[in-house]
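The structure file run.cif is reproduced below (mmCIF, C-alpha atoms).
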data_start
loop_
_atom_site.label_atom_id
_atom_site.label_comp_id
_atom_site.auth_asym_id
_atom_site.auth_seq_id
_atom_site.Cartn_x
_atom_site.Cartn_y
_atom_site.Cartn_z
CA MET J 1 0.00 0.00 0.00
CA TYR J 2 1.40 3.43 -0.98
CA LEU J 3 0.61 6.64 0.84
CA SER J 4 2.14 10.04 0.20
CA ALA J 5 4.74 11.05 2.79
CA SER J 6 2.73 14.21 3.40
CA LYS J 7 -0.50 12.38 4.20
CA THR J 8 -1.92 12.01 7.70
CA ILE J 9 -2.26 8.29 8.47
CA ARG J 10 -5.41 7.10 10.18
CA LEU J 11 -4.48 4.05 12.20
CA ALA J 12 -6.93 1.88 14.14
CA GLN J 13 -5.75 -0.35 16.97
CA ILE J 14 -7.86 -3.19 18.31
CA THR J 15 -6.67 -5.70 20.87
CA ASP J 16 -7.53 -8.77 22.93
CA PRO J 17 -10.62 -10.13 21.14
CA HIS J 18 -10.14 -13.52 22.89
CA LEU J 19 -12.12 -15.49 20.32
CA GLY J 20 -12.87 -19.11 21.19
CA LYS J 21 -12.71 -22.18 19.00
CA ASN J 22 -16.46 -22.14 18.49
CA PRO J 23 -18.65 -19.15 17.54
CA GLY J 24 -20.38 -17.51 20.46
CA GLU J 25 -17.96 -18.56 23.19
CA GLU J 26 -17.87 -16.20 26.15
CA LEU J 27 -15.19 -14.56 28.28
CA LEU J 28 -16.47 -13.43 31.67
CA GLY J 29 -20.00 -13.48 30.32
CA VAL J 30 -19.26 -11.57 27.11
CA ASN J 31 -19.83 -13.18 23.73
CA THR J 32 -16.47 -12.21 22.22
CA ASP J 33 -17.60 -12.71 18.62
CA ASN J 34 -20.43 -10.25 19.13
CA SER J 35 -18.28 -7.68 20.91
CA LEU J 36 -15.60 -7.85 18.19
CA GLN J 37 -18.24 -7.35 15.51
CA ASP J 38 -19.70 -4.42 17.43
CA VAL J 39 -16.30 -2.75 17.69
CA LEU J 40 -15.48 -3.26 14.02
CA THR J 41 -18.85 -1.83 13.02
CA SER J 42 -18.16 1.31 15.05
CA LEU J 43 -14.64 1.93 13.70
CA PRO J 44 -14.13 5.18 11.81
CA GLU J 45 -12.54 5.15 8.35
CA HIS J 46 -8.87 4.20 8.57
CA ASP J 47 -5.84 3.40 6.41
CA LEU J 48 -4.58 0.46 8.45
CA LEU J 49 -5.75 -1.67 11.37
CA ILE J 50 -3.34 -3.32 13.81
CA ALA J 51 -4.51 -6.04 16.20
CA SER J 52 -2.13 -6.23 19.15
CA GLY J 53 -2.53 -9.78 20.37
CA ASP J 54 -4.74 -12.30 22.15
CA ILE J 55 -6.68 -12.67 18.94
CA SER J 56 -7.60 -16.12 20.20
CA ASN J 57 -8.37 -17.29 23.71
CA ASP J 58 -7.16 -20.82 23.00
CA GLY J 59 -4.82 -20.74 19.99
CA SER J 60 -7.24 -22.71 17.82
CA PRO J 61 -7.11 -22.49 14.01
CA GLU J 62 -10.86 -21.94 13.96
CA SER J 63 -10.58 -18.77 16.04
CA TYR J 64 -8.01 -17.23 13.69
CA ARG J 65 -10.02 -18.12 10.59
CA ARG J 66 -13.10 -16.55 12.12
CA PHE J 67 -11.18 -13.41 13.10
CA ALA J 68 -9.85 -12.94 9.56
CA ASP J 69 -13.26 -13.69 8.06
CA THR J 70 -14.92 -11.20 10.41
CA LEU J 71 -12.57 -8.42 9.31
CA THR J 72 -12.97 -9.32 5.65
CA ASN J 73 -16.75 -9.41 5.93
CA GLN J 74 -16.58 -5.97 7.51
CA GLY J 75 -14.66 -4.70 4.47
CA ILE J 76 -11.34 -4.41 6.33
CA SER J 77 -8.55 -5.64 4.05
CA ARG J 78 -5.54 -3.68 5.32
CA PHE J 79 -4.65 -5.14 8.69
CA ALA J 80 -1.74 -6.70 10.55
CA CYS J 81 -1.55 -8.79 13.72
CA LEU J 82 0.92 -9.76 16.40
CA PRO J 83 0.62 -12.55 18.99
CA GLY J 84 -0.34 -12.30 22.65
CA ASN J 85 0.14 -14.72 25.52
CA HIS J 86 -3.12 -16.55 24.73
CA ASP J 87 -2.16 -17.00 21.07
CA ASP J 88 -0.32 -19.81 19.33
CA HIS J 89 2.09 -17.91 17.10
CA GLU J 90 2.74 -20.76 14.68
CA VAL J 91 -0.93 -21.58 14.21
CA MET J 92 -1.75 -17.90 13.88
CA ALA J 93 0.87 -17.42 11.14
CA ARG J 94 -0.13 -20.60 9.31
CA VAL J 95 -3.82 -19.72 9.26
CA MET J 96 -3.64 -15.97 8.68
CA GLY J 97 -0.61 -15.88 6.40
CA PRO J 98 2.75 -14.09 6.34
CA ALA J 99 1.31 -10.90 4.89
CA VAL J 100 -0.89 -10.42 7.94
CA MET J 101 2.00 -11.32 10.27
CA ASN J 102 4.41 -8.85 8.62
CA PRO J 103 6.53 -7.30 11.42
CA VAL J 104 7.45 -4.15 9.45
CA LEU J 105 5.05 -1.84 7.63
CA VAL J 106 5.97 1.44 5.98
CA LEU J 107 3.21 3.91 5.19
CA GLY J 108 3.98 7.43 4.09
CA SER J 109 6.47 8.99 6.49
CA TRP J 110 5.84 6.35 9.19
CA ILE J 111 7.20 2.90 9.95
CA PHE J 112 5.33 0.43 12.16
CA ILE J 113 7.30 -2.32 13.89
CA LEU J 114 5.37 -5.26 15.35
CA LEU J 115 7.19 -7.20 18.07
CA ASN J 116 6.51 -10.62 19.57
CA SER J 117 6.54 -10.37 23.39
CA ARG J 118 4.89 -13.78 23.88
CA VAL J 119 6.62 -16.34 26.12
CA PRO J 120 5.05 -19.76 25.39
CA GLY J 121 3.33 -21.19 28.44
CA PHE J 122 3.56 -18.03 30.53
CA GLU J 123 1.45 -14.92 31.15
CA TYR J 124 4.33 -12.46 31.36
CA GLY J 125 6.00 -10.82 28.39
CA ASP J 126 9.58 -10.71 27.21
CA LEU J 127 11.57 -9.76 24.13
CA SER J 128 14.23 -12.22 23.02
CA ASP J 129 17.74 -11.20 22.00
CA SER J 130 16.82 -11.74 18.36
CA GLU J 131 13.69 -9.61 18.71
CA LEU J 132 15.64 -6.77 20.31
CA LYS J 133 18.33 -6.95 17.64
CA PHE J 134 15.64 -6.89 14.97
CA LEU J 135 14.14 -3.77 16.56
CA ASP J 136 17.48 -1.99 16.75
CA LYS J 137 18.43 -2.89 13.19
CA THR J 138 15.04 -1.92 11.75
CA LEU J 139 15.05 1.46 13.48
CA GLY J 140 18.58 2.06 12.23
CA ARG J 141 17.59 1.30 8.65
CA HIS J 142 14.76 3.85 8.67
CA PRO J 143 16.12 6.96 10.41
CA ASN J 144 14.01 9.26 8.24
CA HIS J 145 10.70 7.59 9.12
CA HIS J 146 8.74 8.29 12.27
CA ALA J 147 8.60 4.99 14.15
CA MET J 148 5.70 3.47 16.06
CA ILE J 149 6.23 0.17 17.86
CA PHE J 150 3.52 -2.34 18.75
CA LEU J 151 3.68 -5.29 21.12
CA HIS J 152 1.22 -7.20 23.27
CA HIS J 153 2.53 -6.84 26.83
CA GLN J 154 3.03 -3.58 28.65
CA PRO J 155 6.68 -2.41 28.85
CA VAL J 156 5.85 -0.10 31.80
CA LYS J 157 3.64 -0.57 34.83
CA VAL J 158 0.10 0.70 34.37
CA GLY J 159 -0.72 0.87 38.08
CA SER J 160 -2.56 -2.42 38.64
CA ALA J 161 -0.40 -4.81 40.66
CA TRP J 162 -2.14 -8.00 39.55
CA ILE J 163 -1.39 -7.47 35.87
CA ASP J 164 1.83 -5.47 36.21
CA GLN J 165 3.55 -8.67 37.34
CA TYR J 166 3.26 -9.78 33.70
CA LEU J 167 5.00 -6.85 32.03
CA VAL J 168 7.90 -7.22 29.59
CA ARG J 169 10.85 -8.53 31.58
CA SER J 170 13.41 -7.08 29.18
CA SER J 171 11.82 -3.63 29.27
CA ASP J 172 15.08 -1.94 30.35
CA ARG J 173 16.88 -3.28 27.29
CA PHE J 174 13.88 -2.39 25.12
CA PHE J 175 13.92 1.24 26.23
CA SER J 176 17.71 1.49 25.99
CA ILE J 177 17.35 0.71 22.28
CA LEU J 178 14.57 3.26 21.85
CA ASP J 179 16.70 5.89 23.57
CA GLN J 180 19.33 5.48 20.84
CA HIS J 181 16.93 6.26 17.98
CA GLU J 182 15.53 9.75 17.68
CA ASN J 183 12.86 8.70 15.18
CA VAL J 184 10.82 6.71 17.74
CA ARG J 185 7.54 8.52 18.39
CA SER J 186 5.30 6.01 20.14
CA VAL J 187 4.84 2.55 21.65
CA ALA J 188 1.41 0.91 21.85
CA TRP J 189 0.22 -2.36 23.37
CA GLY J 190 -2.75 -4.41 24.54
CA HIS J 191 -2.91 -7.03 27.32
CA VAL J 192 -4.13 -4.72 30.09
CA HIS J 193 -7.68 -4.26 28.70
CA GLN J 194 -7.76 -0.54 29.53
CA ASP J 195 -6.87 2.94 28.32
CA PHE J 196 -3.45 4.18 29.46
CA HIS J 197 -1.10 6.98 28.43
CA MET J 198 2.22 8.36 29.58
CA VAL J 199 5.26 10.01 28.04
CA ARG J 200 8.81 8.72 28.53
CA ASN J 201 11.77 10.66 27.11
CA GLY J 202 9.48 12.28 24.57
CA VAL J 203 8.01 8.97 23.39
CA GLU J 204 4.27 8.54 23.87
CA LEU J 205 3.18 5.25 25.44
CA PHE J 206 -0.35 3.89 25.00
CA ALA J 207 -2.45 0.94 26.10
CA SER J 208 -5.79 0.36 24.46
CA PRO J 209 -9.15 -1.09 25.50
CA SER J 210 -10.08 -4.65 24.63
CA THR J 211 -12.78 -5.50 22.14
CA CYS J 212 -14.39 -7.57 24.93
CA VAL J 213 -14.18 -7.13 28.73
CA GLN J 214 -12.28 -4.26 30.39
CA PHE J 215 -10.07 -4.35 33.49
CA LYS J 216 -10.62 -1.54 35.97
CA PRO J 217 -7.56 0.75 36.21
CA LYS J 218 -5.56 1.28 39.40
CA CYS J 219 -6.73 -1.94 41.09
CA ASP J 220 -4.27 -4.20 42.89
CA GLN J 221 -6.67 -7.15 42.60
CA PHE J 222 -8.36 -8.44 39.46
CA THR J 223 -11.41 -6.20 38.89
CA ILE J 224 -13.75 -5.94 35.91
CA ASP J 225 -14.63 -2.45 34.73
CA THR J 226 -18.07 -1.29 33.65
CA THR J 227 -16.75 0.45 30.53
CA MET J 228 -17.73 -1.02 27.19
CA PRO J 229 -15.62 -2.76 24.51
CA GLY J 230 -13.52 -0.32 22.54
CA TYR J 231 -10.62 0.59 20.26
CA ARG J 232 -8.05 3.34 19.81
CA MET J 233 -7.64 5.63 16.81
CA PHE J 234 -4.42 7.42 15.92
CA ASN J 235 -3.96 10.33 13.54
CA LEU J 236 -0.27 10.29 12.60
CA GLN J 237 1.00 13.50 11.05
CA SER J 238 3.77 13.71 8.47
CA ASP J 239 5.86 15.78 10.93
CA GLY J 240 5.66 13.05 13.60
CA GLY J 241 2.80 14.54 15.56
CA ILE J 242 0.23 12.21 17.11
CA THR J 243 -3.37 12.72 18.13
CA THR J 244 -5.40 9.85 19.49
CA SER J 245 -8.84 8.99 20.80
CA ILE J 246 -10.69 6.09 22.37
CA GLY J 247 -13.95 4.86 20.88
CA ARG J 248 -16.38 2.52 22.61
CA VAL J 249 -19.45 0.54 21.71
CA ASP J 250 -22.54 2.40 22.92
CA GLU J 251 -25.99 1.19 23.92
CA LYS J 252 -25.13 -2.49 24.24
CA ASN J 253 -26.10 -4.79 27.09
CA TYR J 254 -23.30 -7.31 27.59
CA ASN J 255 -23.76 -9.97 30.25
CA ILE J 256 -20.52 -9.17 32.03
CA ASP J 257 -19.67 -11.37 35.03
CA PHE J 258 -18.47 -8.78 37.54
CA SER J 259 -18.14 -11.41 40.29
CA SER J 260 -15.25 -13.24 38.63
CA SER J 261 -11.85 -13.27 40.35
CA GLY J 262 -9.86 -14.03 37.20
CA TYR J 263 -9.98 -14.86 33.49
#

Could I get this structure in the form of structure tokens?
Amino acid sequence: MYLSASKTIRLAQITDPHLGKNPGEELLGVNTDNSLQDVLTSLPEHDLLIASGDISNDGSPESYRRFADTLTNQGISRFACLPGNHDDHEVMARVMGPAVMNPVLVLGSWIFILLNSRVPGFEYGDLSDSELKFLDKTLGRHPNHHAMIFLHHQPVKVGSAWIDQYLVRSSDRFFSILDQHENVRSVAWGHVHQDFHMVRNGVELFASPSTCVQFKPKCDQFTIDTTMPGYRMFNLQSDGGITTSIGRVDEKNYNIDFSSSGY
């Protein structure tokens, strides 16, 4: 896909759909197929969609096929995905194809780098030596592009002790690489099922809502929020400027299980 370097890029981020093997499976009372469809229906026009992990809740081929079909049926053809801790990376790549799993995308004056922070069999995130070297090398090859980096796990604490234990264990090394490249503008992730924003050394850091259940911010124990499924939109300017907004599904009655102590 070609976009003029002077064009503002409209980027949509969705995350953590948690689709099951069979249609209509639920997570904490929410039919995740329905909530994903509701979010996609409410998305504004965009140039590219990035899904930042936990596409599946069980790593099943059926869940990935249904995710891709859902996007296609919604008329969304320009999208890319990265794996989360609930995903099976190999199955995901085999079913959805290398084009969808492309870790580097260049649009206009921006480059998007998709990292794999999944550690098989564990909830926490990490970036391997090869992944960190790939990041460093890719940033070095594109010094004239504004860089935005996506991963699944949070590289900084978001203020909820129960989920902050699962952050990226190599976050110090990750940020030391970012600090060496002046073209890095932003880092975005999923995993925490909530809106979050901070700025570190001039780089904007964002977490985005899930397309299904939300986790209540600033809670030391697992707590479900009352906010609705959502997404994040970015407007990326040719000069590196970023504006962003959160959109949510309105006027829906999801059967959320607020009594649950975990997921």

Exercise for the section: Could you tell me which residues the PyMOL selection byres ((chain J and resi 199) around 12) returns for this structure, as a list in words? Expected result: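 Going through the file, the PyMOL selection byres ((chain J and resi 199) around 12) ends up selecting Val156, Arg185, Ser186, Val187, Ala188, Phe196, His197, Met198, Arg200, Asn201, Gly202, Val203, Glu204, Leu205 and Phe206 of chain J.
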
Exercise for the section: Go through the shown structure with the PyMOL selection byres ((chain J and resi 89) around 12) and write out the matching residues as number ranges by chain. Expected result: J: 53-56, 58-61, 64, 81-88, 90-98, 101, 115-121

Practice task
With a distance cut-off of 10 Å and only C-alpha atoms, select the neighbouring residues of Gly29 of chain J, excluding the residue or stretch itself and same-chain residues fewer than 2 positions from it, and output the selection as a PyMOL selection string.
Solution key: chain J and resi 25-27+31-32+212-213+254-258+260

Handout entry: Between atom CA of Leu71 of chain J and atom CA of Gln214 of chain J - distance in Å to one decimal
Key =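 Calculated distance between atom CA of Gln214 of chain J and atom CA of Leu71 of chain J is 21.5 Å.
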
Problem - Nearest to Met148 of chain J by atom-to-atom distance, counting only C-alpha atoms, from J:Ser176, J:Asn22, J:Asn183, J:Ser35 - result: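 Nearest to Met148 of chain J: J:Asn183.
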
Handout entry: Between atom CA of Asp239 of chain J and atom CA of Arg10 of chain J, distance in Å (one decimal)
Key =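 That distance, rounded to one decimal, is 14.2 Å.
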
Practice task
Decode the PyMOL selection byres ((chain J and resi 252) around 12) for the given file into explicit residues and return them as an MDAnalysis selection string.
Solution key: chainID J and resid 30:31 34:35 38:39 212 226:230 248:251 253:256

Exercise for the section: Select, counting all atoms listed in the file, all protein, DNA and RNA residues no farther than 7 Å from (6.7, -12.2, 28.7) in file coordinates, and express the selection as a list in words. Expected result: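 The distance filter leaves exactly Ser117, Arg118, Val119, Phe122, Glu123, Tyr124, Gly125, Asp126, Tyr166, Leu167, Val168 and Arg169 of chain J.
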
Problem - Nearest to Phe67 of chain J, chosen from J:Ser42, J:Asn102, J:Ser160, J:Thr15, with only C-alpha atoms counted in the distances - result: J:Thr15

Problem - Close residues, Pro209 of chain J itself excluded, 6 Å, only C-alpha atoms, min 4 positions apart in chain, as a list in words - result: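 Here the qualifying residues turn out to be His193, Gln194, Asp195, Gly230 and Tyr231 of chain J.
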
Handout entry: Expected answer as a list in words: all residues with atoms within 10 Å of (-15.7, -1.2, 11.5), all atoms listed in the file
Key = Ala12, Leu36, Gln37, Asp38, Val39, Leu40, Thr41, Ser42, Leu43, Pro44, Glu45, His46, Leu49, Leu71, Asn73, Gln74, Gly75 and Ile76 of chain J

Take the residues from that selection and write them out as an mmCIF file, keeping the file's coordinate frame, keeping C-alpha atoms.
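Resulting contents of selection12.cif:
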data_model
loop_
_atom_site.group_PDB
_atom_site.id
_atom_site.type_symbol
_atom_site.label_atom_id
_atom_site.label_comp_id
_atom_site.auth_asym_id
_atom_site.auth_seq_id
_atom_site.Cartn_x
_atom_site.Cartn_y
_atom_site.Cartn_z
ATOM 1 C CA ALA J 12 -6.930 1.880 14.140
ATOM 2 C CA LEU J 36 -15.600 -7.850 18.190
ATOM 3 C CA GLN J 37 -18.240 -7.350 15.510
ATOM 4 C CA ASP J 38 -19.700 -4.420 17.430
ATOM 5 C CA VAL J 39 -16.300 -2.750 17.690
ATOM 6 C CA LEU J 40 -15.480 -3.260 14.020
ATOM 7 C CA THR J 41 -18.850 -1.830 13.020
ATOM 8 C CA SER J 42 -18.160 1.310 15.050
ATOM 9 C CA LEU J 43 -14.640 1.930 13.700
ATOM 10 C CA PRO J 44 -14.130 5.180 11.810
ATOM 11 C CA GLU J 45 -12.540 5.150 8.350
ATOM 12 C CA HIS J 46 -8.870 4.200 8.570
ATOM 13 C CA LEU J 49 -5.750 -1.670 11.370
ATOM 14 C CA LEU J 71 -12.570 -8.420 9.310
ATOM 15 C CA ASN J 73 -16.750 -9.410 5.930
ATOM 16 C CA GLN J 74 -16.580 -5.970 7.510
ATOM 17 C CA GLY J 75 -14.660 -4.700 4.470
ATOM 18 C CA ILE J 76 -11.340 -4.410 6.330
#

Handout entry: Coordinates-based distance that separates atom CA of Leu135 of chain J from atom CA of Ile113 of chain J (Å, one decimal)
Key =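 Atom CA of Leu135 of chain J lies at a distance of 7.5 Å from atom CA of Ile113 of chain J.
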
Exercise for the section: Compare J:Ile149, J:Thr244, J:Val106, J:Ile224 by their minimum atom-to-atom distance to Phe175 of chain J, counting only C-alpha atoms, and give me the closest one. Expected result: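 Using only C-alpha atoms, Phe175 of chain J sits closest to J:Ile149.
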
Exercise for the section: Write out as a ChimeraX atom specification each polymer residue whose atoms come within 9 Å of His145 of chain J, counting only C-alpha atoms; drop sequence neighbours fewer than 2 positions from it. Expected result: /J:106,108-111,139,142-143,147,183-184,240

Problem - Residue with smallest distance to Ala207 of chain J - pool J:Ser130, J:Gln180, J:Ser245, J:Ser259, counting only C-alpha atoms - result: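 Among the listed residues, the smallest separation from Ala207 of chain J belongs to J:Ser245.
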